[in-house]
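Enquirer: Provided below: structure.cif, containing mmCIF, C-alpha atoms and all ligand atoms.
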```
data_entry
loop_
_atom_site.label_atom_id
_atom_site.label_comp_id
_atom_site.auth_asym_id
_atom_site.auth_seq_id
_atom_site.Cartn_x
_atom_site.Cartn_y
_atom_site.Cartn_z
CA MET A 25 0.00 0.00 0.00
CA SER A 26 1.34 3.44 -0.86
CA ALA A 27 2.40 5.63 2.08
CA VAL A 28 0.79 8.87 3.24
CA ARG A 29 3.38 11.58 3.82
CA VAL A 30 3.55 15.16 5.04
CA HIS A 31 6.63 17.19 4.09
CA ASN A 32 8.08 20.59 4.91
CA LEU A 33 5.18 21.61 7.13
CA SER A 34 6.63 24.62 8.92
CA ILE A 35 5.48 25.47 12.42
CA SER A 36 6.37 28.15 14.92
CA LEU A 37 7.70 27.44 18.41
CA ASP A 38 4.16 27.83 19.68
CA GLY A 39 2.85 25.31 17.16
CA PHE A 40 1.16 27.52 14.57
CA ALA A 41 1.46 26.47 10.91
CA THR A 42 -0.09 29.67 9.59
CA GLY A 43 -0.80 33.13 10.89
CA ASP A 44 -4.03 34.99 11.36
CA GLY A 45 -5.98 36.54 8.49
CA PRO A 46 -4.73 35.10 5.18
CA THR A 47 -5.49 37.28 2.13
CA PRO A 48 -4.78 36.88 -1.62
CA ASP A 49 -1.52 38.83 -1.06
CA ALA A 50 -0.58 37.16 2.24
CA PRO A 51 -1.16 33.38 2.11
CA PHE A 52 0.17 32.99 5.67
CA GLY A 53 -1.62 36.00 7.14
CA HIS A 54 0.28 37.97 9.76
CA ALA A 55 3.08 35.34 9.73
CA GLY A 56 4.22 36.73 6.38
CA GLU A 57 7.12 34.63 5.07
CA ARG A 58 8.71 33.96 8.46
CA LEU A 59 7.70 30.29 8.62
CA HIS A 60 9.48 29.48 5.36
CA GLU A 61 12.62 31.59 5.33
CA TRP A 62 14.69 28.41 5.86
CA MET A 63 13.25 26.99 2.65
CA PHE A 64 13.86 30.04 0.46
CA ALA A 65 17.61 29.56 1.00
CA THR A 66 17.61 25.95 -0.28
CA ARG A 67 18.53 24.63 -3.70
CA PHE A 68 15.18 22.78 -3.58
CA TRP A 69 13.36 26.11 -3.62
CA HIS A 70 15.54 27.62 -6.34
CA GLU A 71 15.21 24.54 -8.56
CA MET A 72 11.45 24.67 -8.15
CA HIS A 73 11.59 28.24 -9.44
CA GLY A 74 13.88 27.42 -12.34
CA ASP A 75 17.21 28.86 -11.19
CA ALA A 76 20.49 27.35 -10.05
CA GLY A 77 20.97 29.13 -6.72
CA GLY A 78 20.44 28.00 -3.16
CA ALA A 79 22.36 25.90 -0.67
CA ALA A 80 22.45 22.12 -1.06
CA GLY A 81 23.05 21.44 2.65
CA ALA A 82 20.94 19.76 5.31
CA ASP A 83 17.78 21.86 4.84
CA HIS A 84 17.84 21.06 1.11
CA VAL A 85 18.25 17.34 1.80
CA PHE A 86 15.11 17.35 3.94
CA ALA A 87 13.14 19.67 1.65
CA VAL A 88 13.76 17.81 -1.59
CA ARG A 89 11.94 14.71 -0.32
CA HIS A 90 8.71 16.69 -0.79
CA GLY A 91 8.24 15.46 -4.35
CA GLN A 92 10.08 12.15 -4.37
CA GLY A 93 7.77 9.20 -5.02
CA ILE A 94 4.62 11.31 -4.72
CA GLY A 95 1.73 10.65 -7.13
CA ALA A 96 -1.00 12.90 -5.70
CA GLU A 97 -1.55 15.60 -3.09
CA ILE A 98 -4.50 16.24 -0.78
CA MET A 99 -4.89 19.83 0.45
CA GLY A 100 -7.51 21.79 2.35
CA ALA A 101 -9.61 24.68 1.10
CA GLY A 102 -7.56 26.99 3.31
CA LYS A 103 -4.34 26.10 1.50
CA PHE A 104 -5.96 26.48 -1.92
CA GLY A 105 -7.08 30.04 -1.33
CA PRO A 106 -7.98 32.78 1.16
CA PRO A 107 -11.35 32.71 2.94
CA GLY A 108 -14.13 33.20 0.39
CA TRP A 109 -12.26 31.93 -2.70
CA GLN A 110 -15.24 29.68 -3.40
CA ASP A 111 -17.20 32.85 -4.28
CA ASP A 112 -14.67 33.76 -7.01
CA PRO A 113 -15.10 31.54 -10.09
CA SER A 114 -11.76 32.79 -11.49
CA TRP A 115 -9.65 31.72 -8.44
CA ARG A 116 -7.19 29.00 -9.54
CA GLY A 117 -4.97 28.71 -6.47
CA TRP A 118 -1.95 30.70 -5.29
CA TRP A 119 0.60 29.13 -7.62
CA GLY A 120 -0.09 30.57 -11.09
CA ASP A 121 -0.64 28.68 -14.35
CA THR A 122 2.08 26.07 -13.72
CA PRO A 123 1.79 25.03 -10.06
CA PRO A 124 4.69 23.15 -8.46
CA PHE A 125 2.66 20.02 -7.64
CA ARG A 126 2.81 18.34 -11.10
CA THR A 127 0.34 15.63 -10.02
CA PRO A 128 -3.40 15.42 -9.37
CA VAL A 129 -4.29 17.59 -6.35
CA LEU A 130 -7.46 16.84 -4.40
CA VAL A 131 -8.79 19.96 -2.69
CA LEU A 132 -11.08 19.20 0.24
CA THR A 133 -13.92 21.71 0.37
CA HIS A 134 -17.56 21.79 1.38
CA ARG A 135 -18.22 23.75 -1.83
CA PRO A 136 -16.72 21.66 -4.65
CA ARG A 137 -16.47 22.90 -8.24
CA PRO A 138 -15.46 21.22 -11.54
CA SER A 139 -11.85 20.06 -11.92
CA ILE A 140 -9.26 22.47 -13.38
CA GLU A 141 -6.36 21.24 -15.53
CA MET A 142 -3.28 23.44 -15.05
CA GLY A 143 0.12 23.50 -16.78
CA GLY A 144 2.96 21.12 -15.88
CA GLY A 145 0.83 18.10 -14.92
CA THR A 146 -1.22 19.55 -12.07
CA THR A 147 -4.99 18.98 -12.10
CA TYR A 148 -7.11 20.29 -9.24
CA HIS A 149 -10.06 18.11 -8.23
CA PHE A 150 -12.45 19.46 -5.60
CA LEU A 151 -14.24 17.13 -3.24
CA ASP A 152 -16.39 17.08 -0.14
CA ALA A 153 -15.42 13.81 1.50
CA SER A 154 -14.08 12.33 4.73
CA PRO A 155 -10.30 12.02 5.09
CA ALA A 156 -10.50 8.24 4.48
CA GLU A 157 -12.62 8.71 1.34
CA ALA A 158 -10.32 11.44 0.06
CA LEU A 159 -7.32 9.18 0.65
CA ALA A 160 -8.92 6.34 -1.33
CA ARG A 161 -9.49 8.76 -4.24
CA ALA A 162 -5.95 10.12 -3.98
CA ARG A 163 -4.46 6.61 -3.96
CA GLU A 164 -6.33 5.83 -7.18
CA ALA A 165 -5.04 9.05 -8.74
CA ALA A 166 -1.48 8.40 -7.52
CA GLY A 167 -1.12 5.21 -9.56
CA GLY A 168 0.77 3.26 -6.89
CA LEU A 169 2.96 6.15 -5.73
CA ASP A 170 2.69 7.80 -2.30
CA VAL A 171 0.13 10.45 -1.35
CA ARG A 172 1.25 13.74 0.19
CA VAL A 173 -1.03 15.57 2.60
CA GLY A 174 0.03 19.08 1.74
CA GLY A 175 -1.70 21.07 4.45
CA GLY A 176 -2.85 23.33 5.83
CA PRO A 177 -2.75 22.53 9.51
CA THR A 178 -6.47 21.75 9.85
CA VAL A 179 -6.34 19.02 7.21
CA VAL A 180 -3.02 17.60 8.46
CA ARG A 181 -4.45 17.51 12.00
CA ASP A 182 -7.58 15.69 10.76
CA PHE A 183 -5.50 13.06 8.94
CA LEU A 184 -3.27 12.60 11.99
CA ALA A 185 -6.29 12.27 14.29
CA GLU A 186 -7.62 9.45 12.10
CA GLY A 187 -4.28 7.66 12.11
CA LEU A 188 -3.84 8.02 8.35
CA VAL A 189 -0.33 9.54 8.21
CA ASP A 190 2.72 7.26 7.87
CA HIS A 191 5.43 9.93 7.73
CA LEU A 192 5.25 13.46 9.11
CA HIS A 193 8.07 15.94 8.50
CA LEU A 194 7.79 19.20 10.43
CA VAL A 195 10.16 22.14 10.39
CA GLN A 196 10.09 24.20 13.55
CA ALA A 197 11.16 27.79 12.93
CA PRO A 198 12.47 29.75 15.94
CA ILE A 199 9.63 32.27 15.91
CA VAL A 200 6.61 32.87 18.14
CA LEU A 201 3.47 33.68 16.15
CA GLY A 202 1.03 33.97 19.03
CA ARG A 203 -2.02 33.43 16.81
CA GLY A 204 -3.10 31.59 13.70
CA VAL A 205 -3.98 27.92 13.15
CA ARG A 206 -2.27 25.49 15.51
CA LEU A 207 -1.30 21.98 14.43
CA TRP A 208 -1.35 20.12 17.71
CA ASP A 209 -4.79 20.77 19.21
CA GLY A 210 -6.59 17.50 20.00
CA LEU A 211 -3.57 15.30 19.18
CA GLU A 212 -2.63 14.44 22.75
CA ALA A 213 0.04 11.69 23.04
CA LEU A 214 0.52 11.54 19.27
CA GLU A 215 4.21 10.86 19.90
CA LYS A 216 3.42 7.39 21.26
CA THR A 217 2.45 6.10 17.83
CA TYR A 218 5.57 7.24 15.96
CA THR A 219 9.34 6.95 16.03
CA ILE A 220 10.57 10.54 16.27
CA GLU A 221 13.90 11.96 15.18
CA VAL A 222 14.97 15.57 15.69
CA VAL A 223 17.73 17.34 13.77
CA SER A 224 18.73 21.00 14.10
CA THR A 225 20.46 22.60 11.15
CA PRO A 226 22.76 25.62 10.86
CA SER A 227 19.94 27.82 9.54
CA GLY A 228 18.39 27.64 13.02
CA VAL A 229 15.38 25.44 12.26
CA THR A 230 14.66 22.02 13.75
CA HIS A 231 13.47 19.18 11.54
CA LEU A 232 11.23 16.62 13.23
CA THR A 233 10.31 13.36 11.53
CA PHE A 234 7.51 11.17 12.85
CA THR A 235 7.72 7.75 11.21
CA ARG A 236 5.42 4.77 11.59
CA GLY A 237 6.08 1.11 10.91
N1 LIG B 1 3.22 26.05 7.40
C1 LIG B 1 3.15 25.37 6.28
O1 LIG B 1 4.13 24.70 5.88
C2 LIG B 1 1.89 25.41 5.48
C3 LIG B 1 1.63 24.44 4.52
C4 LIG B 1 0.44 24.52 3.81
C5 LIG B 1 -0.45 25.55 4.05
N2 LIG B 1 -0.16 26.48 4.98
C6 LIG B 1 -1.09 27.59 5.28
O2 LIG B 1 -2.14 27.05 6.06
C7 LIG B 1 -3.32 27.82 5.86
C8 LIG B 1 -4.45 26.89 5.56
O3 LIG B 1 -4.63 26.01 6.63
P1 LIG B 1 -6.00 25.90 7.42
O4 LIG B 1 -5.77 25.01 8.56
O5 LIG B 1 -6.54 27.26 7.64
O6 LIG B 1 -6.97 25.23 6.33
P2 LIG B 1 -6.82 23.88 5.49
O7 LIG B 1 -6.37 22.77 6.35
O8 LIG B 1 -6.04 24.16 4.24
O9 LIG B 1 -8.31 23.68 5.02
C9 LIG B 1 -9.37 23.54 5.96
C10 LIG B 1 -10.66 23.70 5.20
O10 LIG B 1 -10.77 22.68 4.17
C11 LIG B 1 -12.13 22.26 4.05
N3 LIG B 1 -12.20 20.87 4.51
C12 LIG B 1 -11.35 20.26 5.38
N4 LIG B 1 -11.70 18.97 5.55
C13 LIG B 1 -12.77 18.77 4.76
C14 LIG B 1 -13.57 17.62 4.48
N5 LIG B 1 -13.34 16.44 5.06
N6 LIG B 1 -14.58 17.74 3.59
C15 LIG B 1 -14.82 18.94 2.99
N7 LIG B 1 -14.08 20.07 3.21
C16 LIG B 1 -13.09 19.98 4.09
C17 LIG B 1 -12.94 23.20 4.94
O11 LIG B 1 -13.17 24.38 4.17
P3 LIG B 1 -14.62 24.85 3.57
O12 LIG B 1 -15.64 24.48 4.59
O13 LIG B 1 -14.41 26.32 3.38
O14 LIG B 1 -14.80 24.17 2.27
C18 LIG B 1 -11.93 23.54 6.02
O15 LIG B 1 -12.22 24.75 6.68
C19 LIG B 1 -3.02 28.81 4.75
O16 LIG B 1 -2.72 30.06 5.34
C20 LIG B 1 -1.79 28.21 4.08
O17 LIG B 1 -1.03 29.21 3.46
C21 LIG B 1 0.98 26.43 5.73
#
```
If you took the structure in this file and wrote it as structure tokens, what would it be?

Expert:
Amino acid sequence: MSAVRVHNLSISLDGFATGDGPTPDAPFGHAGERLHEWMFATRFWHEMHGDAGGAAGADHVFAVRHGQGIGAEIMGAGKFGPPGWQDDPSWRGWWGDTPPFRTPVLVLTHRPRPSIEMGGGTTYHFLDASPAEALARAREAAGGLDVRVGGGPTVVRDFLAEGLVDHLHLVQAPIVLGRGVRLWDGLEALEKTYTIEVVSTPSGVTHLTFTRG
């Protein structure tokens, strides 16, 4: 059976994976870009944006696993767009005409719309379904490869709560956001069901991997 993986999910010291008040110009709300500064310095990020820069050190080695062996992504409505995007028929996500996913992407929303085929191999499918049902659909779409749960925190938390995640990679940035959407609420004692490894890198972030099986 293909694995279910979360990669590069960046959280603050106080456990928030996004800030308050996302808008079309500020996908992470008041957090701005602070959760992902570690990633912008990596070769992974530069390669994704078509240039040769960036460091190929430890942060890159973690980050690049994001796409390896992945055949489909599941994301939440809050990752796909700011509150109210369902009222805008022209909204096609935050990532332009050629999104970085390059696979089918299943967007969980209570207000689904017809699928949208984008450039570079990404197709957005919108569905109102339980996490287990969405995973079954994503596994079909992934053609035997693994499924990434891409966020945001609400959807990752729901998949964790149902025991559906095999590999969770978090990146804790040394910032305190104070408000936003927290990952951990309701996941008491989650650590008991995973093997956890923790690695700090010179950029100042801490990578945590939760691995099952
Ligand atoms: N830190 C990171 O690395 C990272 C990664 C990804 C995203 N983000 C950020 O996280 C934020 C989004 O996270 P979030 O927690 O607010 O939202 P989210 O997890 O992306 O989406 C939650 C929403 O998805 C819909 N949904 C969830 N489960 C569903 C189900 N089973 N059936 C139907 N619809 C379902 C609901 O929206 P409706 O009821 O409106 O349809 C729900 O409110 C954004 O700011 C994004 O930029 C951060």

Enquirer: Go ahead and compute the interatomic distance for atom CA of Arg135 of chain A and atom O14 of ligand LIG 1 (chain B), in Å to one decimal.

Expert: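 A separation of 5.4 Å between them.
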
Enquirer: Rank A:Thr233, A:Ser227, A:Thr147, A:Thr219 by their smallest atom-to-atom distance to Gly117 of chain A, using all atoms listed in the file, and report the top residue only.

Expert: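 With all atoms listed in the file as the atom set, the closest residue is A:Thr147.
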
Enquirer: Could you list, as JSON, numbers by chain, all protein and nucleic acid residues with an atom at most 7 Å from ligand LIG 1 (chain B), counting only C-alpha atoms and all ligand atoms?

Expert: {"A": [32, 33, 34, 35, 41, 42, 43, 46, 51, 52, 53, 59, 99, 100, 101, 102, 103, 104, 132, 133, 134, 135, 151, 152, 153, 154, 155, 174, 175, 176, 177, 178, 179, 180, 205]}

Enquirer: Which of these residues is nearest to Ala80 of chain A, using all atoms listed in the file: A:Trp119, A:Tyr218, A:Phe234, A:Phe68?

Expert: A:Phe68

Enquirer: Select, from A:Val171, A:Ile98, A:Val195, A:Ala76, the residue with the minimum atom-to-atom distance to Val222 of chain A, counting all atoms listed in the file.

Expert: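 Checking each of A:Val171, A:Ile98, A:Val195, A:Ala76 against Val222 of chain A, counting all atoms listed in the file, the winner is A:Val195.
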
Enquirer: Counting only C-alpha atoms, write as a ChimeraX atom specification all protein and nucleic acid residues lying at most 12 Å from (2.7, 34.3, 17.3) in the file's frame.

Expert: /A:35-44,52-56,58-59,197-206

Enquirer: Quick one, how far is atom CA of Gly210 of chain A from atom CA of Gly95 of chain A?

Expert: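 It comes out at 29.2 Å.
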
Enquirer: Choose the residue, out of A:Gly237, A:Gly45, A:Gly93, A:Gly78, that has the smallest atom-to-atom separation from Arg172 of chain A; count only C-alpha atoms.

Expert: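 The answer is A:Gly93, which sits nearest to Arg172 of chain A.
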
Enquirer: May I ask for the distance between atom CA of Gly120 of chain A and atom CA of Met142 of chain A, given in Å to one decimal place?

Expert: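 Spanning atom CA of Gly120 of chain A to atom CA of Met142 of chain A is a straight-line distance of 8.8 Å.
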
Enquirer: Point out the residue among A:Gly145, A:Ile94, A:Val173, A:Thr230 with the least atom-to-atom distance to Leu130 of chain A, counting all atoms listed in the file.

Expert: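 Smallest distance to Leu130 of chain A is found for A:Val173.
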
Enquirer: Calculated over only C-alpha atoms, which of the candidates A:Pro136, A:Glu186, A:Val30, A:Pro124 has the smallest distance to His70 of chain A?

Expert: A:Pro124

Enquirer: Can you tell me, as an MDAnalysis selection string, which residues sit within 9 Å of (13.9, 29.5, 5.6) in the file's frame, using all atoms listed in the file?

Expert: chainID A and resid 57:66 83 197 227:229
